[in-house]
Amino acid sequence: MSRIARQLSFIFASALFVGALVATAQAKDKVKVGFIGPLTGGVSANGLGGRNSADLAVKLRNADAKAKYEYEFVVLDDECKPNVAVQVATKMAADKEIVAAATHYCSATAIATVDVYHKFGFPIIVWGAVLPDITYRAKYAEVHRVNGTMINQNDANAELISKIGFKNVVVIHDTTDYGKGHNEYFSKAFAKLGGKIVGTFGVTADQQDFTAELTQIKALNPEVIYFGGLTPIGVRIRSQMDKLGIKAVFDGTSGIVSDAFIQGLGPLAEGSLAFREGAPTEKLPGGKFFMENYAAQKYDNPPEAYGAFSFAAMDLILDSIEKVGPDRKKVIEELANVTERDSIVGKVTFDDHGQNTVAVITKYVVQDGKFVEWDDSEYATGKRKLPGQK
Amino acid sequence: MDVGLIAQYVMNGLMLGMMYTLVAVGFTLFFGVLDIIKFSHGDVLTVGAFTALATYIGLRSAGVGSTPLLLLAMLVVAILAMAALGMLIARYLVMPLRSAPALNTLLITLMLGTVLRELLRLFYPQGANPKPFPALLPTASINLGQFNLRLDNALMLAAGGLAIVGLQLLLNRTKLGLAIRAVAQDEETARTMGVNFTAVVLITFAIGSALAAYAGIMNGLYYNEINFGMGLYLGVIGFAAAIIGGLGSIYGAILGGFLFAALQTIGTVALPFASAYKDVFAFTVVIALIAWRPTGLIQEKISERV
């Protein structure tokens with residue numbers, strides 16, 4: 001070893017030593033919190049956005065000198081597949097060191113795992129999945145959800161299209177619990193308003209070719225094609241509609257509210273409708289705060305539509321742990337008392353099923369490559385028209 | 001049913017069938033020369049499509065605006081790159097396993113497929129999202145009642161047909177084709193007759209993988225959207241098509257590809273239950289066909305009995 005190298009290593013060693021001293025001087029108890037979402041596969045853009053947002057909540061808390069604990073962030077990937085989700089949920093819930101977690105973007109994975117969380121007494125807050133059954137099928141004290149359910153969003157959807165004057169709608173939905181749920185609630189809501197569902201098509205969640213279904217739909221000549229599913233096949237269906245010369249309005253759900261939808265379609269995305277619970281991130285009470293801090297971390301991916309919810313879910317968990325300590329039972333009791341709690345997504349109140357009772361639904365239309373709120377759009381003022389809009 | 005509508009279904013089915021066929025032909029070629037199943041074939045197709053897209057984006061930002069030139073560059077780059085990738089896979093993964101059980105090759109290529117897929121997702125910018133693929137062919141269309149015939153679809157169908165005819169001529173009319181067929185029939189005899197076995201295998205993998213790149217670009221132009229997972233599904237269908245047609249036979253692959261597309265279309269249109277079951281229907285028929293003709297509809301002239 002040369003002299004310079006020896007000197008350098010000495011300097012490093014002393015630096016490490018001093019660093020270690022400083023670290024022990026202010027050491028806090030370490031507490032683990034978890035996150036589960038789809039980090040690989042077709043909807044991973046949303047999963048990564050959610051993970052970054054939860055990570056941001058943990059980082060901000062760790063940077064806060066007043067925090068009682070130092071939080072360690074454990075991330076697992078459910079791939080948006082129920083079988084994988086049950087495995088990772090069991091893994092996380094069985095790890096006694098992890099106190100609570102923000103879990104799941106996909107409804108199919110969230111509904112598959114609620115029993116696991118209940119069995120292990122593991123408190124979770126769902127940050128993105130919208131199937132009502134996740135909180136309402138059973139009354140599990142462990143399961144909470146910060147975002148709304150698909151019932152509200154489909155009511156708003158049906159109301160908007162019948163208000164515009166559309167009567168004939170074809171439904172395409174994926175055959176997961178998510179897509180089937182959307183189909184059910186939308187069809188009910190639209191029928192109640194006097195609309196007519198002229199055809200319903202179930203498709204698999206990784207299907208590539210929709211020309212056969214769309215050719216049949218073309219013959220049915222609907223004014224609107226309602227799509228209950230997620231971004232990847234939403235992009236495919238919309239672009240294949242164009243190939244077959246179908247002029248109907250593409251009416252999506254919260255599943256397509258993502259930058260990836262617009263990126264994947266380019267100008268074809270124009271005039272697509274979509275709905276989501278809660279207000280848009282930039283209009284949320286803490287939206288600006290969230291977006292600024294998110295940008296400061298320089299994550300590779302944008303937060304996407306549910307990032308703010310993921311942040312809020314993780315923040316609620318951290319608040320509860322700060323208050324009652326890293327104990328699962330106490331955290332569950334604490335979460336049951338959440339009423340009118342301020343968060344970056346607005347006030348949060350969990351009902352007796354752990355469901356946040358937000359009724360706000362935001363209606364979106366794609367205008368010039370952006371999801372614009374319907375009421376602010378040129379489509380609402382009549383300056384632009386959807387295909388077939390009177 | 002309306003005639004225009006039927007024509008539309010037939011056109012949809014033909015396009016699908018052409019893509020399945022191009023994939024199935026690759027499976028059949030590889031099986032022909034080496035008696036192996038290469039499961040990464042579908043993912044090579046995806047990599048080909050992404051290579052073409054990257055070429056397009058690169059050339060566009062370099063200021064190239066001419067559509068024919070762009071398309072040509074995409075085809076050339078993607079096909080050459082995939083041919084090279086195919087040769088690399090053959091040389092360093094498949095050939096060293098020649099004396100190992102065939103299962104090992106199957107497994108190793110299956111894993112390679114996953115590696116390719118995940119690499120694309122991780123290292124292509126925003127690779128997890130579906131990517132828009134440019135429409136570079138003329139999009140003029142004729143409307144005949146319910147039938148919407150688009151020029152780009154017709155062109156792609158013709159291009160796919162030409163590729164297959166070209167391959168057929170290559171196999172039957174050239175010395176290289178003769179060598180490939182010789183190796184396929186009997187490796188040892190071919191060697192004693194002075195055929196360079198390694199070269200023939202590498203070239204066959206290059207051809208098969210080039211066809212996959214071609215199919216990948218066609219897929220992108222047809223759907224105007226590509227994603228990192230598209231090859232998996234196409235690979236499974238291409239493989240199934242090659243099997244029902246008869247592994248090792250080009251005609252079998254063509255028959256299998258179009259048959260599978262027809263089954264899927266029929267599954268959606270003519271059956272009373274929901275279209276969600278079209279794959280269940282198509283694969284059930286495939287199972288029945290395989291049970292009925294285990295060596296495929298068109299059998300190899302000399303089939304190996306184990």
# chains A, B, ... in the order shown; residues from 1 in each chain; ligands from 1
>>> interface_residues(of="chain B", to="chain A", cutoff="8 Å", atoms="only C-alpha atoms", output="VMD selection string")
chain B and resid 5 8 to 9 12 126 128 to 132 146 148 223 to 225 229 to 230 265 268 to 269 274 to 276
>>> residues_around(residues="range 371-386 of chain A", least_positions_apart="5", cutoff="7 Å", atoms="only C-alpha atoms", output="NGL selection string")
:A and (249 or 271 or 362-366)
>>> residues_around(residues="Leu29 in chain B", least_positions_apart="6", cutoff="10 Å", atoms="only C-alpha atoms", output="list of chain:residue names")
B:Asp35, B:Ile36, B:Ile37, B:Ile180, B:Arg181, B:Ala184, B:Val201, B:Thr204, B:Phe205, B:Ile207, B:Gly208, B:Ala242, B:Leu247, B:Gly248, B:Ser249, B:Ile250, B:Ala253
>>> residues_around(residues="range 53-69 of chain A", least_positions_apart="2", cutoff="6 Å", atoms="only C-alpha atoms", output="MDAnalysis selection string")
chainID A and resid 28:30 50:51 307 310:311 314:315
>>> residues_around(residues="Ala199 in chain B", least_positions_apart="6", cutoff="12 Å", atoms="only C-alpha atoms", output="JSON, numbers by chain")
{"B": [33, 87, 90, 91, 95, 176, 179, 180, 183, 191, 205, 206]}
>>> write_last_selection(atoms="C-alpha atoms", output="PDB file, in the first residue's frame")
ATOM      1  CA  VAL B  33     -32.278 -27.592 -37.018  1.00  0.00           C
ATOM      2  CA  MET B  87     -26.900 -15.692 -33.190  1.00  0.00           C
ATOM      3  CA  ALA B  90     -27.601 -19.691 -30.245  1.00  0.00           C
ATOM      4  CA  ARG B  91     -23.842 -19.529 -29.851  1.00  0.00           C
ATOM      5  CA  MET B  95     -25.244 -24.667 -28.572  1.00  0.00           C
ATOM      6  CA  LEU B 176     -28.025 -22.387 -47.788  1.00  0.00           C
ATOM      7  CA  ALA B 179     -27.830 -27.054 -45.895  1.00  0.00           C
ATOM      8  CA  ILE B 180     -30.488 -26.033 -43.360  1.00  0.00           C
ATOM      9  CA  VAL B 183     -29.042 -30.410 -40.872  1.00  0.00           C
ATOM     10  CA  ARG B 191     -21.635 -32.977 -41.232  1.00  0.00           C
ATOM     11  CA  PHE B 205     -31.239 -18.500 -35.565  1.00  0.00           C
ATOM     12  CA  ALA B 206     -30.409 -15.243 -37.319  1.00  0.00           C
TER      13      ALA B 206
END
>>> select_by_dssp(residues="range 103-282 of chain B", states="strand (DSSP E or B)", output="PyMOL selection string")
chain B and resi 131-132+141-144+147-150+225-226
>>> closest_residue(among="A:Ile225, A:Ala305, A:Ile164, A:Val126", to="Ser254 in chain A", atoms="only C-alpha atoms")
A:Ala305
>>> residues_around(residues="Leu71 in chain B", least_positions_apart="6", cutoff="12 Å", atoms="only C-alpha atoms", output="VMD selection string")
chain B and resid 52 to 53 55 to 57 59 to 60 64 to 65 77 to 79 133 to 138 214 217 to 218 220 to 221
>>> select_by_dssp(residues="range 273-376 of chain A", states="helix (DSSP H, G or I)", output="MDAnalysis selection string")
chainID A and resid 281:283 287:296 307:324 328:336 374:376
>>> atom_distance(atom1="CA of Glu322 in chain A", atom2="CA of Thr103 in chain A")
19.8 Å
>>> residues_around(residues="Met15 in chain B", least_positions_apart="6", cutoff="12 Å", atoms="only C-alpha atoms", output="PyMOL selection string")
(chain A and resi 209+211-212) or (chain B and resi 8-9+21-22+149-150+152-161+215+218-219+221-223+257-258+260-262+265)
>>> closest_residue(among="A:His353, A:Lys119, A:Val31, A:Gly47", to="Ile134 in chain A", atoms="only C-alpha atoms")
A:His353
